[in-house]
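A short worksheet on the structure shown next.
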Amino acid sequence: MAKKIKDHVVVVTGASSGIGRATALACAEAGAHVVVIARRKELLESLAAECRGKGVQALVFPADVTDAEAMDHIAAETVGTFGRLDAWVNNAAVIQYGRFEEVPLDEWHRVIEVNVYGTVNGARAAIPWMREQGRGVVVNVASVLSKIASPFQSAYVTSKFAIRGLSDSIRQELSDAPGIDVVTILPGAIDTPFFQHGANHMGLQARAPDPTIDARRVAAAIVSGIAKPRREIVVGASTKLGLANDRLAPGLTEKAAAKQMADEQFSEEPAEPTSGNLFEPMADGDGISGGWQREGKTPAMKVVGIAALAGAAAVGVLARSRSDE
Amino acid sequence: MVSRQTTPIGAPSCHWREHDVDGVRVAARTWVTDPPRPEPIVAVHGLVVSSAYMAPLADRLSDHRDVWAPDLPGFGASDKPDHVLDVRELGRALAGWIDAAGLRDVVLLGNSFGCQIVAETTLQRPDLVSRMVLLGPTMQPRLRSVPKQLRRWRKEQKTQSARLKALQVRDYAKAGIPRAITTFRHALHDRIEDKLPLLEQPTLVVRGTDDPIVEQDWVETVVGLLPDAELAVLPGATHAINHEQPAQTARAVGRFLHTR
């Protein structure tokens with residue numbers, strides 16, 4: 001697979017930390033040249049240096065994905081420099097925690113602006129060039145929350161549902177351009193600084209719900225999606241289970257997710273209200289990991305619960321396939 | 001080569017034009033609007049083909065500028081002079097043709113050996129040339145020997161499309177093998193590295209990462225020798241970049257034309 005994206009040119013948004021940073025490095029590792037976008041310039045520079053160390057070219061563009069003109073400029077600069085644009089990864093995202101009717105509305109809007117309009121701006125910047133060259137892949141990083149909702153993060157869930165709909169709609173439009181693909185990535189809870197970066201009005205510190213997945217696994221899924229595009233790529237066994245449950249029993253899954261997320265996405269530690277990184281980037285949280293992975297600490301009851309759900313899912317799938325016969 | 005499904009509205013189509021240069025008829029493929037656009041591109045083919053080799057790139061570039069792609073005297077559809085021209089004579093002929101065609105402030109663009117003629121022409125007549133574009137410039141001093149070049153050339157053959165190979169066979173036949181060999185000898189002896197420091201025009205140097213003839217350290221040397229040059233390294237592109245990756249090349253050239 002690594003060979004398949006050798007010499008490709010891949011643009012990654014939200015590249016300063018987390019999934020974006022891991023993706024840029026995974027692409028460079030596979031021999032692709034990278035163009036990295038985020039607001040934090042120093043982090044992009046260090047990332048680019050690391051990529052260049054792997055023998056590829058790297059361009060750095062400090063920019064906010066909500067700036068459509070900047071995204072257009074970056075796309076033009078990319079093709080002007082390399083003559084090609086093989087993939088554009090819309091990854092940048094922010095989150096706001098709190099009760100829907102209580103959280104500041106400007107923050108709520110800002111989440112939609114970054115996550116949805118950021119994706120819109122990236123795709124609109126990239127697709128005209130891809131049409132001209134007759135090929136390309138738009139990768140939109142959505143979430144398991146694009147299909148199953150969660151409480152106390154209504155803006156984020158809304159944005160992620162929107163990204164999936166947007167991806168599907170663009171994919172339908174691009175049926176006239178068989179060389180261009182739109183890939184939606186559906187990760188579960190990923191171990192990145194994302195949770196610490198969120199705006200928070202819950203009064204409690206946010207945390208990544210267990211079990212968290214290594215961001216490099218999402219990066220590998222994105223690289224594989226560029227090399228061999230498909231509609232949707234689900235990352236994480238627990239994510240796959242959750243989505244299977246959702247297909248079988250959407251109402252039950254919604255209720256179960258509500259309870260699980262209410263329990264797990266906040267710690268007991270109190271927290272002052274904050275806008276997080278929504279309007280200004282935060283200094284801390286500069287790596288791929290957010291320090292959420294706790295080896296061997298997945299509670300025993302959860303494992304049992306997951307296994308039971310898996311069993312239920314299997315029975316359900318079996319029943320369905322029987323009834324199809 | 002990537003063929004274009006649609007040509008943008010207003011982009012000119014290709015027409016042949018002929019001019020008399022010191023008694024030799026020189027034919028050129030041209031993509032010219034009426035009225036002509038300023039700063040036309042003159043695309044100079046490499047060894048030993050013809051303007052057909054520049055056509056895919058020229059077609060793309062004609063969205064931005066008028067493009068003229070002459071067949072150098074002795075090659076393609078142009079007349080054959082009584083002897084095989086060396087690099088200096090080819091440079092003089094090209095400058096004469098630019099005058100005869102009434103062109104001014106041209107962007108001289110060459111590929112491979114065509115870059116040596118671009119450098120020679122610019123050295124002789126800097127007044128004609130506003131900027132240069134060197135795509136896969138030869139001749140790397142370290143590889144300046146017949147066996148080394150032949151080995152590289154055979155490697156390069158493997159990167160060529162069937163269409164380019166067919167075009168080469170046709171154009172080699174037109175020029176004749178003795179002319180090909182003599183021109184190659186002239187190219188081998190031409191020291192482009194001595195001329196580059198004297199060429200002050202803003203220049204774009206382009207290399208494809210899969211070019212077996214032109215090495216990365218050589219194009220970096222070329223950029224270093226030129227007083228005002230920048231480098232574009234195109235991932236996955238080959239040596240016959242104007243024929244094999246015209247869209248990719250046109251994008252890099254387009255950026256240079258618009259930003260400099």
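How things are named: the first chain in the structure tokens is A, the next is B, and so on; residues count from 1 in each chain; ligands count from 1 in the order shown.
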Running DSSP on the backbone, which parts of segment 79-261 of chain A land in strand (DSSP E or B), as an NGL selection string?
:A and (87-90 or 96-97 or 136-141 or 180-187 or 190-191 or 199-200 or 204-206 or 213-214 or 232-235)
Next, the residues of the selection above should be written as a compact mmCIF listing (two decimals), in the first residue's frame with C-alpha atoms.
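Generated output (selection_22.txt):
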# COMPACT_ATOMS: atom_id res chain seq x y z
CA ALA A 87 -5.66 14.10 -1.95
CA TRP A 88 -7.12 16.73 0.34
CA VAL A 89 -7.78 15.58 3.90
CA ASN A 90 -10.37 17.70 5.72
CA GLN A 96 -17.94 22.42 22.51
CA TYR A 97 -19.21 20.67 25.65
CA GLY A 136 -8.03 12.85 -6.80
CA VAL A 137 -9.40 11.87 -3.40
CA VAL A 138 -11.21 14.10 -0.93
CA VAL A 139 -11.00 12.59 2.55
CA ASN A 140 -13.42 13.96 5.11
CA VAL A 141 -12.74 12.99 8.69
CA ILE A 180 -12.36 11.49 -8.16
CA ASP A 181 -13.42 9.85 -4.89
CA VAL A 182 -14.84 11.09 -1.63
CA VAL A 183 -13.92 9.02 1.42
CA THR A 184 -15.59 9.51 4.79
CA ILE A 185 -13.59 8.39 7.82
CA LEU A 186 -15.60 7.33 10.85
CA PRO A 187 -13.31 7.04 13.88
CA ILE A 190 -9.25 8.75 19.41
CA ASP A 191 -6.39 9.49 21.77
CA ALA A 199 -14.80 24.63 24.71
CA ASN A 200 -16.42 23.47 27.93
CA LEU A 204 -16.48 19.23 34.71
CA GLN A 205 -13.33 18.39 32.80
CA ALA A 206 -13.86 16.64 29.50
CA ILE A 213 -7.88 4.41 19.76
CA ASP A 214 -4.35 5.40 18.75
CA GLU A 232 -16.65 5.03 4.37
CA ILE A 233 -13.92 3.67 6.58
CA VAL A 234 -14.75 2.87 10.18
CA VAL A 235 -11.81 2.93 12.59
Would you tabulate, counting only C-alpha atoms, all residues of segment 8-52 of chain B that have an atom at most 7 Å from an atom of segment 95-105 of chain B, showing the closest pair of atoms and their distance in Å to one decimal, sorted by chain then ascending number, as JSON lines?
{"residue": "B:His19", "atom": "CA", "partner": "B:Ala100", "partner_atom": "CA", "distance": 6.4}
{"residue": "B:Val21", "atom": "CA", "partner": "B:Trp97", "partner_atom": "CA", "distance": 5.7}
{"residue": "B:Glu39", "atom": "CA", "partner": "B:Asp105", "partner_atom": "CA", "distance": 5.2}
Convert the current residue selection to file output with N, CA and C atoms, as a PDB file, in the first residue's frame.
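After the write, result-v2.pdb holds the following:
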ATOM      1  N   HIS B  19       8.414  30.995 -41.449  1.00  0.00           N
ATOM      2  CA  HIS B  19       9.184  32.229 -41.608  1.00  0.00           C
ATOM      3  C   HIS B  19      10.506  31.894 -42.280  1.00  0.00           C
ATOM      4  N   VAL B  21      14.364  32.431 -42.334  1.00  0.00           N
ATOM      5  CA  VAL B  21      15.459  32.874 -41.473  1.00  0.00           C
ATOM      6  C   VAL B  21      16.761  32.648 -42.228  1.00  0.00           C
ATOM      7  N   GLU B  39       4.077  38.894 -23.998  1.00  0.00           N
ATOM      8  CA  GLU B  39       5.017  37.917 -23.444  1.00  0.00           C
ATOM      9  C   GLU B  39       4.688  36.490 -23.896  1.00  0.00           C
TER      10      GLU B  39
END
For Arg99 of chain A, find every residue with an atom within 9 Å (counting only C-alpha atoms), except residues of its own chain fewer than 3 positions away, and show them as a ChimeraX atom specification.
/A:102-103,151-154,201-202
Select residues of chain B: the criterion is any atom within 10 Å of an atom of chain A, counting only C-alpha atoms; output as a list in words.
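Residues passing the distance filter: Val2, Arg4, Gln5, Thr6, Gly208, Thr209, Asp210, Leu231, Ala232, Val233, Leu234, Pro235, Gly236, Ala237, Gln245, Pro246, Ala247, Gln248, Thr249, Ala250, Arg251, Ala252, Val253, Gly254, Arg255, Phe256 and His258 of chain B.
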List the neighbours of Arg191 of chain B out to 10 Å using only C-alpha atoms; skip same-chain residues closer than 5 positions along the sequence, and give me the result as number ranges by chain.
B: 87, 116, 120, 138-141, 144, 196
Could you pull out the helix (DSSP H, G or I) residues of segment 9-175 of chain B, going by DSSP on the backbone, and write them as a PyMOL selection string?
chain B and resi 51-61+87-100+113-124+126-128+141-143+146-158+162-175
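Considering the residues B:Leu109, B:Val223, B:Leu47, B:Leu123 and counting only C-alpha atoms, Gln168 of chain B has its shortest atom-to-atom contact with B:Leu47.
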Between atom CA of Tyr172 of chain B and atom CA of Asp71 of chain B, distance in Å (one decimal)
12.7 Å
